[in-house]
Number of protein chains: 2
Amino acid sequence: MAEIARKLGVSPTLVSLVLSGKGNQFGIKKETQEAVRKLAAELNYVPNSVASSLRTGRTKIVGLIVPDISNPFFSRIARSIEDAASSAGYYLMVCSADEDTARENQLLHIIRQSQRAAGIIVCTAQTDMQPFAEMIEQNYPLVFIDRDLPGLNRQFVGVNNRSGAQKAVEHLIAAGRKRIGMLSIGPSHLSSVRDRVQGWKEALAQAGMADTVNLLREVPFGDVEKATAAAVKELTQGPGAVDAIFTANNRLAIAAINALRETGKSIPDDVALVSFDDIDVFPLLQPPLTAMAQPAEAIGREAAELLLALINKTKAPSDAHSIVLDAELRIRRSV
Amino acid sequence: MAEIARKLGVSPTLVSLVLSGKGNQFGIKKETQEAVRKLAAELNYVPNSVASSLRTGRTKIVGLIVPDISNPFFSRIARSIEDAASSAGYYLMVCSADEDTARENQLLHIIRQSQRAAGIIVCTAQTDMQPFAEMIEQNYPLVFIDRDLPGLNRQFVGVNNRSGAQKAVEHLIAAGRKRIGMLSIGPSHLSSVRDRVQGWKEALAQAGMADTVNLLREVPFGDVEKATAAAVKELTQGPGAVDAIFTANNRLAIAAINALRETGKSIPDDVALVSFDDIDVFPLLQPPLTAMAQPAEAIGREAAELLLALINKTKAPSDAHSIVLDAELRIRRSV
DNA sequence: TTGAAAGCGCTAACAA
DNA sequence: TTGTTAGCGCTTTCAA
């Protein structure tokens, strides 16, 4: 910048003003502005973002904390956040916390305190509100996605897990299924998982099948494949065997399919299957899998827009706000 | 930092020295060091990374430019880069360039000039070496992944596409297939795609089947589904119909499966199918799909380590270096 | 064993 | 319409 100023015989201030688009506002002559812009382009000048951030106290980076960026659900969200952020001149910093509360808190703290990001979008693994409450109180821009912490005065973007799950189970009931088991991750305190289980229960209750709520099986995070195999085996055997399974996410669905094949059960003849969370290969399976699709792109876009509004203070930080999108039942042939 | 110094009655210099681990090197009293560290912890002090970066000219961010972070291949790589980077105290900034050369160059230029990242790992969409040549000459830390630009004095991490493709096609030949078509993306200048086509050709030639190189069909980026359907239809019809198809990536494989189903061809009875690039659902298909698996995690890890070495100058930036990993044939039942 | 002072490159208040 | 000056929070050199 100094070089431009020197070559043009003007002050660095003027150059800064012009290049940050405040030329007219400060009434700088059109020709001067032209000259500055021309020389900047010739020299391939790009402002040092570090210096600018230090001076202004703002940074053009959006932080994203998710359990695992290699999970397709989160990488799709990341992509759409990136798109929305980049049209506003922001970049995306991605962190995987691996469902580890301590790691997540460490990331939250460091990213914020070190001024690495102007705000954070988080899919939290915890139920402890305290770390977040503090950030929110201090008006740090923060948006929750997918998993909510409803007690907080927070911004949230996610899907309607309860009604989505209900819709999925109603579809099974409408197809004449009488004993509908559920495979979930757990024991879980995560709002998304809890709400899906809740939706399943409500659908059962409304159909007068409340007595089958004992057909819930919770599989630990760490050991999905083996534990699912065991749960499926148990659910599909004996006199009280299920004739349908509803899974809380795509990983459980995949594990369940494998387990059903191993035990020689046919889908949908012996057991119907519906997954919450659709992925692009489910249509390719035999039979193609019926699933609740989540609008990952919309979640990312809405979350990014909300965060940018908070950063730019176009949104009062204090009013709690939820954007709840609908999941869509994609009927295929596994029911 | 000033606060810590004031409360302890020492200078900011001393605090900085202690907290950046140079306490012993400067011979600062153990007790003083202890006191500084203790108070810093109590105050939850985290250094302002922006100020530190401005002063030192270094930043603890690794830039990653890929065509699309929502593609599972790249999100898996991103995850492993993140892991390697974060153990060295670095964060990951992710940018999707969407196979758009102009966008990619803009990102490269801005990220570098604005000092946003200490180095860049890139899966490039272009063949123009000039933008890269300049960066490399100026010793900017740069590592290529997946797609190489072999004329350059560069660092590269990827898989052996040629020999991998050859292995896949040899597997088809060993199974008695006589007319092996290939579906590729194109017309493509990308090293990875080119090398896979080359491997296919070489395998054919070595088996005395060089006359079937006309069974290559190139599908444009933008329109994979429809163009693949057309290509598959053409390849599988008439007297010269193929009895096997080798696809250059997983998206083409998925499109090919759909196309084969639509035309009523059975896999593998009518047409055998092998995909380059395995994804986690291929084993679930009927039949489970034989594929060349790429070690995405290893690619990310090696690339991150190479980049960090460049950043820390433990590696002389001038010596070109390639890490070429082997793809692995996962034999399932589509052949 | 510790401190003073300078300066990274930019921007914002104030002055001219 | 433009320039001067100060300072963001840290690190590094040099001095004590």
# chains A, B, ... in the order shown; residues from 1 in each chain; ligands from 1
>>> interface_residues(of="chain D", to="chain B", cutoff="8 Å", atoms="only C-alpha atoms (C1' of nucleotides)", output="list in words")
DC8, DG9, DC10 and DT11 of chain D
>>> write_last_selection(atoms="C-alpha atoms (C1' of nucleotides)", output="PDB file, in the first residue's frame")
ATOM      1  C1'  DC D   8      -4.486  -2.415  17.165  1.00  0.00           C
ATOM      2  C1'  DG D   9      -1.411  -6.681  20.327  1.00  0.00           C
ATOM      3  C1'  DC D  10       2.157  -8.946  19.659  1.00  0.00           C
ATOM      4  C1'  DT D  11       7.489 -10.269  19.020  1.00  0.00           C
TER       5       DT D  11
END
>>> select_by_dssp(residues="region 58-300 of chain B", states="alpha helix (DSSP H)", output="ChimeraX atom specification")
/B:72-87,101-113,130-137,161-174,191-206,224-235,250-262,296-300
>>> select_by_dssp(residues="region 71-299 of chain A", states="strand (DSSP E)", output="number ranges by chain")
A: 91-96, 119-122, 142-145, 155-159, 180-185, 216-219, 244-247, 272-276, 290-293
>>> atom_distance(atom1="CA of Ala272 (chain A)", atom2="CA of Pro287 (chain A)")
10.3 Å
>>> interface_residues(of="chain A", to="chain B", cutoff="7 Å", atoms="only C-alpha atoms", output="number ranges by chain")
A: 46-51, 53-54, 69-70, 72, 75-76, 79, 92-94, 110, 113-116, 281, 284-286
>>> interface_residues(of="chain C", to="chain A", cutoff="7 Å", atoms="only C-alpha atoms (C1' of nucleotides)", output="list in words")
DG9, DC10 and DT11 of chain C
>>> residues_around(residues="region 1-4 of chain D", least_positions_apart="5", cutoff="9 Å", atoms="only C-alpha atoms (C1' of nucleotides)", output="PDB file with N, CA and C atoms (P, O5', C5', C4', C3', O3' and C1' of nucleotides), in the first residue's frame")
ATOM      1  N   VAL A  10       0.552  10.295  -3.090  1.00  0.00           N
ATOM      2  CA  VAL A  10      -0.559  10.590  -2.173  1.00  0.00           C
ATOM      3  C   VAL A  10      -0.288   9.874  -0.846  1.00  0.00           C
ATOM      4  N   SER A  11      -1.193  10.035   0.106  1.00  0.00           N
ATOM      5  CA  SER A  11      -0.977   9.408   1.400  1.00  0.00           C
ATOM      6  C   SER A  11      -1.566   8.002   1.419  1.00  0.00           C
ATOM      7  N   PRO A  12      -0.998   7.163   2.263  1.00  0.00           N
ATOM      8  CA  PRO A  12      -1.548   5.809   2.429  1.00  0.00           C
ATOM      9  C   PRO A  12      -3.014   5.859   2.831  1.00  0.00           C
ATOM     10  N   THR A  13      -3.381   6.820   3.610  1.00  0.00           N
ATOM     11  CA  THR A  13      -4.773   6.956   4.025  1.00  0.00           C
ATOM     12  C   THR A  13      -5.695   7.001   2.817  1.00  0.00           C
ATOM     13  N   LEU A  14      -5.303   7.840   1.878  1.00  0.00           N
ATOM     14  CA  LEU A  14      -6.127   7.987   0.688  1.00  0.00           C
ATOM     15  C   LEU A  14      -6.255   6.654  -0.053  1.00  0.00           C
ATOM     16  N   PHE A  26     -15.831   9.970   1.173  1.00  0.00           N
ATOM     17  CA  PHE A  26     -14.916  10.985   1.670  1.00  0.00           C
ATOM     18  C   PHE A  26     -14.652  12.067   0.627  1.00  0.00           C
ATOM     19  N   GLY A  27     -15.388  11.983  -0.470  1.00  0.00           N
ATOM     20  CA  GLY A  27     -15.264  13.003  -1.504  1.00  0.00           C
ATOM     21  C   GLY A  27     -13.894  13.080  -2.148  1.00  0.00           C
ATOM     22  N   ILE A  28     -13.337  11.911  -2.463  1.00  0.00           N
ATOM     23  CA  ILE A  28     -12.034  11.922  -3.136  1.00  0.00           C
ATOM     24  C   ILE A  28     -12.254  12.005  -4.642  1.00  0.00           C
ATOM     25  N   LYS A  29     -11.472  12.854  -5.292  1.00  0.00           N
ATOM     26  CA  LYS A  29     -11.652  13.110  -6.715  1.00  0.00           C
ATOM     27  C   LYS A  29     -11.698  11.829  -7.547  1.00  0.00           C
TER      28      LYS A  29
ATOM     29  P    DC C  14     -11.868  12.589  17.251  1.00  0.00           P
ATOM     30  O5'  DC C  14     -10.850  13.576  16.541  1.00  0.00           O
ATOM     31  C5'  DC C  14      -9.459  13.490  16.872  1.00  0.00           C
ATOM     32  C4'  DC C  14      -8.688  14.258  15.833  1.00  0.00           C
ATOM     33  C3'  DC C  14      -9.193  15.693  15.600  1.00  0.00           C
ATOM     34  O3'  DC C  14      -8.193  16.590  16.056  1.00  0.00           O
ATOM     35  C1'  DC C  14      -8.611  14.598  13.571  1.00  0.00           C
ATOM     36  P    DA C  15      -8.450  18.161  15.967  1.00  0.00           P
ATOM     37  O5'  DA C  15      -7.425  18.490  14.790  1.00  0.00           O
ATOM     38  C5'  DA C  15      -6.212  17.734  14.677  1.00  0.00           C
ATOM     39  C4'  DA C  15      -5.499  18.190  13.418  1.00  0.00           C
ATOM     40  C3'  DA C  15      -5.674  19.674  13.112  1.00  0.00           C
ATOM     41  O3'  DA C  15      -4.409  20.192  12.723  1.00  0.00           O
ATOM     42  C1'  DA C  15      -6.390  18.368  11.254  1.00  0.00           C
ATOM     43  P    DA C  16      -4.211  21.721  12.313  1.00  0.00           P
ATOM     44  O5'  DA C  16      -4.242  21.668  10.731  1.00  0.00           O
ATOM     45  C5'  DA C  16      -3.208  20.971  10.017  1.00  0.00           C
ATOM     46  C4'  DA C  16      -3.541  21.109   8.562  1.00  0.00           C
ATOM     47  C3'  DA C  16      -3.793  22.564   8.136  1.00  0.00           C
ATOM     48  O3'  DA C  16      -2.951  22.871   7.044  1.00  0.00           O
ATOM     49  C1'  DA C  16      -5.497  21.130   7.344  1.00  0.00           C
TER      50       DA C  16
END
>>> atom_distance(atom1="CA of Leu289 (chain B)", atom2="CA of Pro268 (chain B)")
9.6 Å
>>> residues_around(residues="Asn105 (chain A)", least_positions_apart="2", cutoff="10 Å", atoms="only C-alpha atoms (C1' of nucleotides)", output="short mmCIF file (atom, residue, chain, number, x, y, z; two decimals) with all heavy atoms, in the first residue's frame")
data_model
loop_
_atom_site.label_atom_id
_atom_site.label_comp_id
_atom_site.auth_asym_id
_atom_site.auth_seq_id
_atom_site.Cartn_x
_atom_site.Cartn_y
_atom_site.Cartn_z
N ALA A 97 -14.77 -31.90 15.71
CA ALA A 97 -14.58 -32.08 17.15
C ALA A 97 -14.79 -33.52 17.57
O ALA A 97 -14.59 -33.87 18.74
CB ALA A 97 -15.51 -31.17 17.93
N ASP A 100 -16.44 -34.96 20.74
CA ASP A 100 -15.68 -34.86 21.99
C ASP A 100 -15.92 -33.48 22.61
O ASP A 100 -15.49 -32.45 22.09
CB ASP A 100 -14.20 -35.06 21.66
CG ASP A 100 -13.29 -34.86 22.86
OD1 ASP A 100 -13.74 -34.26 23.86
OD2 ASP A 100 -12.14 -35.27 22.77
N THR A 101 -16.62 -33.49 23.74
CA THR A 101 -17.02 -32.24 24.38
C THR A 101 -15.84 -31.35 24.74
O THR A 101 -15.87 -30.14 24.52
CB THR A 101 -17.80 -32.57 25.67
OG1 THR A 101 -18.85 -33.46 25.34
CG2 THR A 101 -18.38 -31.33 26.27
N ALA A 102 -14.81 -31.97 25.28
CA ALA A 102 -13.65 -31.18 25.70
C ALA A 102 -13.00 -30.51 24.50
O ALA A 102 -12.67 -29.32 24.52
CB ALA A 102 -12.64 -32.08 26.41
N ARG A 103 -12.85 -31.29 23.46
CA ARG A 103 -12.25 -30.76 22.23
C ARG A 103 -13.11 -29.62 21.68
O ARG A 103 -12.60 -28.59 21.26
CB ARG A 103 -12.15 -31.89 21.21
CG ARG A 103 -11.78 -31.48 19.81
CD ARG A 103 -10.28 -31.44 19.63
NE ARG A 103 -9.91 -31.03 18.28
CZ ARG A 103 -9.06 -30.05 18.01
NH1 ARG A 103 -8.48 -29.39 18.99
NH2 ARG A 103 -8.75 -29.75 16.77
N LEU A 107 -11.96 -25.76 21.14
CA LEU A 107 -12.06 -25.06 19.85
C LEU A 107 -12.85 -23.77 19.98
O LEU A 107 -12.43 -22.71 19.50
CB LEU A 107 -12.72 -25.98 18.82
CG LEU A 107 -11.85 -27.11 18.26
CD1 LEU A 107 -12.69 -28.11 17.49
CD2 LEU A 107 -10.75 -26.53 17.38
N LEU A 108 -14.01 -23.86 20.63
CA LEU A 108 -14.84 -22.66 20.80
C LEU A 108 -14.04 -21.55 21.45
O LEU A 108 -14.02 -20.41 21.00
CB LEU A 108 -16.05 -22.99 21.67
CG LEU A 108 -17.17 -23.80 21.03
CD1 LEU A 108 -18.09 -24.38 22.09
CD2 LEU A 108 -17.96 -22.95 20.04
N HIS A 109 -13.36 -21.91 22.52
CA HIS A 109 -12.63 -20.91 23.29
C HIS A 109 -11.49 -20.30 22.50
O HIS A 109 -11.35 -19.08 22.37
CB HIS A 109 -12.11 -21.57 24.57
CG HIS A 109 -11.43 -20.61 25.48
ND1 HIS A 109 -10.13 -20.75 25.85
CD2 HIS A 109 -11.87 -19.49 26.07
CE1 HIS A 109 -9.79 -19.75 26.63
NE2 HIS A 109 -10.83 -18.98 26.80
N ILE A 110 -10.68 -21.16 21.91
CA ILE A 110 -9.51 -20.66 21.19
C ILE A 110 -9.90 -19.85 19.96
O ILE A 110 -9.36 -18.78 19.70
CB ILE A 110 -8.58 -21.82 20.79
CG1 ILE A 110 -8.02 -22.46 22.06
CG2 ILE A 110 -7.45 -21.32 19.92
CD1 ILE A 110 -6.95 -23.47 21.82
N ILE A 111 -10.84 -20.36 19.20
CA ILE A 111 -11.22 -19.65 17.97
C ILE A 111 -11.72 -18.25 18.30
O ILE A 111 -11.39 -17.28 17.64
CB ILE A 111 -12.31 -20.44 17.21
CG1 ILE A 111 -11.72 -21.73 16.64
CG2 ILE A 111 -12.90 -19.61 16.08
CD1 ILE A 111 -12.74 -22.64 16.02
N THR A 124 -23.22 -28.94 17.92
CA THR A 124 -22.61 -29.29 19.20
C THR A 124 -22.82 -30.74 19.60
O THR A 124 -23.83 -31.36 19.23
CB THR A 124 -23.12 -28.38 20.33
OG1 THR A 124 -22.43 -28.70 21.54
CG2 THR A 124 -24.63 -28.56 20.54
N ALA A 125 -21.88 -31.25 20.37
CA ALA A 125 -22.00 -32.61 20.90
C ALA A 125 -22.41 -32.58 22.36
O ALA A 125 -22.53 -33.61 23.00
CB ALA A 125 -20.66 -33.34 20.74
N GLN A 126 -22.62 -31.38 22.90
CA GLN A 126 -22.86 -31.31 24.34
C GLN A 126 -24.23 -30.74 24.72
O GLN A 126 -24.93 -30.18 23.89
CB GLN A 126 -21.76 -30.50 25.01
CG GLN A 126 -21.65 -29.07 24.52
CD GLN A 126 -20.39 -28.42 25.07
OE1 GLN A 126 -20.05 -28.60 26.22
NE2 GLN A 126 -19.71 -27.67 24.23
N PRO A 131 -20.83 -22.89 28.45
CA PRO A 131 -19.86 -22.24 27.56
C PRO A 131 -20.54 -21.35 26.52
O PRO A 131 -20.03 -20.29 26.18
CB PRO A 131 -19.13 -23.40 26.90
CG PRO A 131 -19.76 -24.65 27.38
CD PRO A 131 -20.73 -24.33 28.45
N PHE A 132 -21.70 -21.80 26.06
CA PHE A 132 -22.40 -21.03 25.04
C PHE A 132 -23.07 -19.80 25.63
O PHE A 132 -23.05 -18.72 25.03
CB PHE A 132 -23.44 -21.91 24.35
CG PHE A 132 -22.85 -23.08 23.63
CD1 PHE A 132 -23.04 -24.37 24.09
CD2 PHE A 132 -22.07 -22.88 22.50
CE1 PHE A 132 -22.49 -25.44 23.42
CE2 PHE A 132 -21.51 -23.95 21.83
CZ PHE A 132 -21.72 -25.24 22.29
#
>>> residues_around(residues="Val219 (chain A)", least_positions_apart="4", cutoff="9 Å", atoms="only C-alpha atoms (C1' of nucleotides)", output="list of chain:residue names")
A:Leu183, A:Ser184, A:Ile185, A:Gly186, A:Pro187, A:Asp223, A:Val224, A:Glu225, A:Ala227, A:Thr228, A:Ala231, A:Leu252
>>> write_last_selection(atoms="N, CA, C and O atoms", output="short mmCIF file (atom, residue, chain, number, x, y, z; two decimals), in the first residue's frame")
data_model
loop_
_atom_site.label_atom_id
_atom_site.label_comp_id
_atom_site.auth_asym_id
_atom_site.auth_seq_id
_atom_site.Cartn_x
_atom_site.Cartn_y
_atom_site.Cartn_z
N LEU A 183 -34.06 -48.02 15.68
CA LEU A 183 -32.64 -48.06 16.01
C LEU A 183 -32.16 -46.63 16.16
O LEU A 183 -32.30 -45.82 15.25
N SER A 184 -31.58 -46.35 17.32
CA SER A 184 -31.11 -45.00 17.56
C SER A 184 -29.69 -45.03 18.10
O SER A 184 -29.15 -46.08 18.42
N ILE A 185 -29.11 -43.84 18.16
CA ILE A 185 -27.78 -43.69 18.75
C ILE A 185 -27.98 -43.34 20.21
O ILE A 185 -28.83 -42.50 20.52
N GLY A 186 -27.23 -43.95 21.09
CA GLY A 186 -27.50 -43.54 22.45
C GLY A 186 -26.71 -44.28 23.48
O GLY A 186 -25.88 -45.09 23.14
N PRO A 187 -26.94 -44.00 24.71
CA PRO A 187 -28.00 -43.10 25.19
C PRO A 187 -27.68 -41.67 24.80
O PRO A 187 -26.57 -41.22 25.06
N ASP A 223 -19.47 -48.04 18.33
CA ASP A 223 -19.47 -49.43 17.89
C ASP A 223 -20.74 -49.72 17.08
O ASP A 223 -21.42 -50.73 17.29
N VAL A 224 -21.04 -48.85 16.13
CA VAL A 224 -22.31 -48.92 15.43
C VAL A 224 -22.54 -50.27 14.74
O VAL A 224 -23.59 -50.89 14.88
N GLU A 225 -21.53 -50.73 14.00
CA GLU A 225 -21.74 -51.92 13.17
C GLU A 225 -22.12 -53.15 14.01
O GLU A 225 -23.15 -53.79 13.79
N ALA A 227 -22.92 -53.43 17.24
CA ALA A 227 -24.08 -53.28 18.11
C ALA A 227 -25.39 -53.30 17.32
O ALA A 227 -26.41 -53.84 17.78
N THR A 228 -25.35 -52.75 16.12
CA THR A 228 -26.56 -52.79 15.29
C THR A 228 -26.89 -54.22 14.90
O THR A 228 -28.06 -54.64 14.92
N ALA A 231 -28.52 -55.81 17.75
CA ALA A 231 -29.87 -55.28 17.98
C ALA A 231 -30.86 -55.79 16.93
O ALA A 231 -31.99 -56.17 17.26
N LEU A 252 -26.82 -45.89 10.70
CA LEU A 252 -27.58 -46.99 11.29
C LEU A 252 -28.33 -47.76 10.21
O LEU A 252 -28.45 -48.99 10.28
#
>>> residues_around(residues="region 293-309 of chain A", least_positions_apart="4", cutoff="7 Å", atoms="only C-alpha atoms (C1' of nucleotides)", output="list in words")
Phe73, Arg76, Ile77, Ala78, Ser80, Ile81, Ala84, Ala85, Gly119, Pro141, Leu142, Val143, Val157, Gly158, Val159, Phe276, Asp277, Asp278, Lys313, Thr314, Lys315, Ala327, Glu328, Leu329 and Arg330 of chain A
>>> atom_distance(atom1="CA of Gly164 (chain A)", atom2="CA of Ile136 (chain A)")
29.3 Å
>>> decode(residues="region 91-112 of chain B", atoms="N, CA, C and O atoms", output="PDB file, in the first residue's frame")
ATOM      1  N   TYR B  91      -4.878 -24.548  11.663  1.00  0.00           N
ATOM      2  CA  TYR B  91      -6.288 -24.682  11.339  1.00  0.00           C
ATOM      3  C   TYR B  91      -6.452 -24.814   9.830  1.00  0.00           C
ATOM      4  O   TYR B  91      -5.542 -24.473   9.072  1.00  0.00           O
ATOM      5  N   LEU B  92      -7.632 -25.293   9.425  1.00  0.00           N
ATOM      6  CA  LEU B  92      -7.858 -25.570   8.009  1.00  0.00           C
ATOM      7  C   LEU B  92      -8.893 -24.621   7.405  1.00  0.00           C
ATOM      8  O   LEU B  92     -10.011 -24.512   7.915  1.00  0.00           O
ATOM      9  N   MET B  93      -8.511 -23.951   6.336  1.00  0.00           N
ATOM     10  CA  MET B  93      -9.456 -23.111   5.621  1.00  0.00           C
ATOM     11  C   MET B  93      -9.787 -23.805   4.303  1.00  0.00           C
ATOM     12  O   MET B  93      -8.883 -24.131   3.531  1.00  0.00           O
ATOM     13  N   VAL B  94     -11.065 -24.042   4.066  1.00  0.00           N
ATOM     14  CA  VAL B  94     -11.482 -24.830   2.911  1.00  0.00           C
ATOM     15  C   VAL B  94     -12.127 -23.964   1.834  1.00  0.00           C
ATOM     16  O   VAL B  94     -12.998 -23.154   2.137  1.00  0.00           O
ATOM     17  N   CYS B  95     -11.701 -24.126   0.601  1.00  0.00           N
ATOM     18  CA  CYS B  95     -12.304 -23.390  -0.504  1.00  0.00           C
ATOM     19  C   CYS B  95     -12.663 -24.332  -1.639  1.00  0.00           C
ATOM     20  O   CYS B  95     -11.839 -25.141  -2.059  1.00  0.00           O
ATOM     21  N   SER B  96     -13.878 -24.224  -2.151  1.00  0.00           N
ATOM     22  CA  SER B  96     -14.302 -25.001  -3.312  1.00  0.00           C
ATOM     23  C   SER B  96     -14.212 -24.124  -4.556  1.00  0.00           C
ATOM     24  O   SER B  96     -14.788 -23.046  -4.591  1.00  0.00           O
ATOM     25  N   ALA B  97     -13.508 -24.601  -5.562  1.00  0.00           N
ATOM     26  CA  ALA B  97     -13.331 -23.782  -6.763  1.00  0.00           C
ATOM     27  C   ALA B  97     -14.237 -24.236  -7.898  1.00  0.00           C
ATOM     28  O   ALA B  97     -14.251 -23.616  -8.959  1.00  0.00           O
ATOM     29  N   ASP B  98     -14.950 -25.345  -7.694  1.00  0.00           N
ATOM     30  CA  ASP B  98     -15.962 -25.768  -8.666  1.00  0.00           C
ATOM     31  C   ASP B  98     -15.439 -26.031 -10.071  1.00  0.00           C
ATOM     32  O   ASP B  98     -16.144 -25.742 -11.050  1.00  0.00           O
ATOM     33  N   GLU B  99     -14.227 -26.529 -10.162  1.00  0.00           N
ATOM     34  CA  GLU B  99     -13.595 -26.812 -11.478  1.00  0.00           C
ATOM     35  C   GLU B  99     -13.501 -25.554 -12.332  1.00  0.00           C
ATOM     36  O   GLU B  99     -13.411 -25.637 -13.554  1.00  0.00           O
ATOM     37  N   ASP B 100     -13.515 -24.414 -11.698  1.00  0.00           N
ATOM     38  CA  ASP B 100     -13.480 -23.144 -12.417  1.00  0.00           C
ATOM     39  C   ASP B 100     -12.086 -22.534 -12.285  1.00  0.00           C
ATOM     40  O   ASP B 100     -11.661 -22.087 -11.222  1.00  0.00           O
ATOM     41  N   THR B 101     -11.391 -22.499 -13.419  1.00  0.00           N
ATOM     42  CA  THR B 101      -9.994 -22.052 -13.421  1.00  0.00           C
ATOM     43  C   THR B 101      -9.831 -20.619 -12.903  1.00  0.00           C
ATOM     44  O   THR B 101      -8.929 -20.327 -12.117  1.00  0.00           O
ATOM     45  N   ALA B 102     -10.717 -19.754 -13.346  1.00  0.00           N
ATOM     46  CA  ALA B 102     -10.604 -18.355 -12.940  1.00  0.00           C
ATOM     47  C   ALA B 102     -10.783 -18.222 -11.431  1.00  0.00           C
ATOM     48  O   ALA B 102     -10.023 -17.535 -10.750  1.00  0.00           O
ATOM     49  N   ARG B 103     -11.788 -18.905 -10.940  1.00  0.00           N
ATOM     50  CA  ARG B 103     -12.051 -18.877  -9.502  1.00  0.00           C
ATOM     51  C   ARG B 103     -10.853 -19.435  -8.729  1.00  0.00           C
ATOM     52  O   ARG B 103     -10.456 -18.902  -7.706  1.00  0.00           O
ATOM     53  N   GLU B 104     -10.308 -20.512  -9.232  1.00  0.00           N
ATOM     54  CA  GLU B 104      -9.160 -21.126  -8.565  1.00  0.00           C
ATOM     55  C   GLU B 104      -7.980 -20.156  -8.499  1.00  0.00           C
ATOM     56  O   GLU B 104      -7.346 -20.000  -7.444  1.00  0.00           O
ATOM     57  N   ASN B 105      -7.706 -19.500  -9.602  1.00  0.00           N
ATOM     58  CA  ASN B 105      -6.587 -18.561  -9.612  1.00  0.00           C
ATOM     59  C   ASN B 105      -6.822 -17.374  -8.696  1.00  0.00           C
ATOM     60  O   ASN B 105      -5.904 -16.890  -8.036  1.00  0.00           O
ATOM     61  N   GLN B 106      -8.061 -16.935  -8.667  1.00  0.00           N
ATOM     62  CA  GLN B 106      -8.409 -15.838  -7.775  1.00  0.00           C
ATOM     63  C   GLN B 106      -8.148 -16.249  -6.320  1.00  0.00           C
ATOM     64  O   GLN B 106      -7.533 -15.521  -5.548  1.00  0.00           O
ATOM     65  N   LEU B 107      -8.603 -17.453  -5.983  1.00  0.00           N
ATOM     66  CA  LEU B 107      -8.394 -17.946  -4.624  1.00  0.00           C
ATOM     67  C   LEU B 107      -6.899 -18.050  -4.298  1.00  0.00           C
ATOM     68  O   LEU B 107      -6.452 -17.594  -3.248  1.00  0.00           O
ATOM     69  N   LEU B 108      -6.157 -18.646  -5.206  1.00  0.00           N
ATOM     70  CA  LEU B 108      -4.722 -18.798  -4.981  1.00  0.00           C
ATOM     71  C   LEU B 108      -4.083 -17.442  -4.711  1.00  0.00           C
ATOM     72  O   LEU B 108      -3.325 -17.262  -3.753  1.00  0.00           O
ATOM     73  N   HIS B 109      -4.417 -16.493  -5.556  1.00  0.00           N
ATOM     74  CA  HIS B 109      -3.801 -15.178  -5.460  1.00  0.00           C
ATOM     75  C   HIS B 109      -4.174 -14.469  -4.161  1.00  0.00           C
ATOM     76  O   HIS B 109      -3.318 -13.988  -3.416  1.00  0.00           O
ATOM     77  N   ILE B 110      -5.474 -14.453  -3.885  1.00  0.00           N
ATOM     78  CA  ILE B 110      -5.921 -13.715  -2.704  1.00  0.00           C
ATOM     79  C   ILE B 110      -5.443 -14.368  -1.407  1.00  0.00           C
ATOM     80  O   ILE B 110      -4.975 -13.705  -0.492  1.00  0.00           O
ATOM     81  N   ILE B 111      -5.561 -15.674  -1.329  1.00  0.00           N
ATOM     82  CA  ILE B 111      -5.156 -16.354  -0.099  1.00  0.00           C
ATOM     83  C   ILE B 111      -3.688 -16.080   0.202  1.00  0.00           C
ATOM     84  O   ILE B 111      -3.297 -15.811   1.327  1.00  0.00           O
ATOM     85  N   ARG B 112      -2.899 -16.134  -0.860  1.00  0.00           N
ATOM     86  CA  ARG B 112      -1.479 -15.909  -0.680  1.00  0.00           C
ATOM     87  C   ARG B 112      -1.165 -14.452  -0.336  1.00  0.00           C
ATOM     88  O   ARG B 112      -0.517 -14.160   0.655  1.00  0.00           O
TER      89      ARG B 112
END
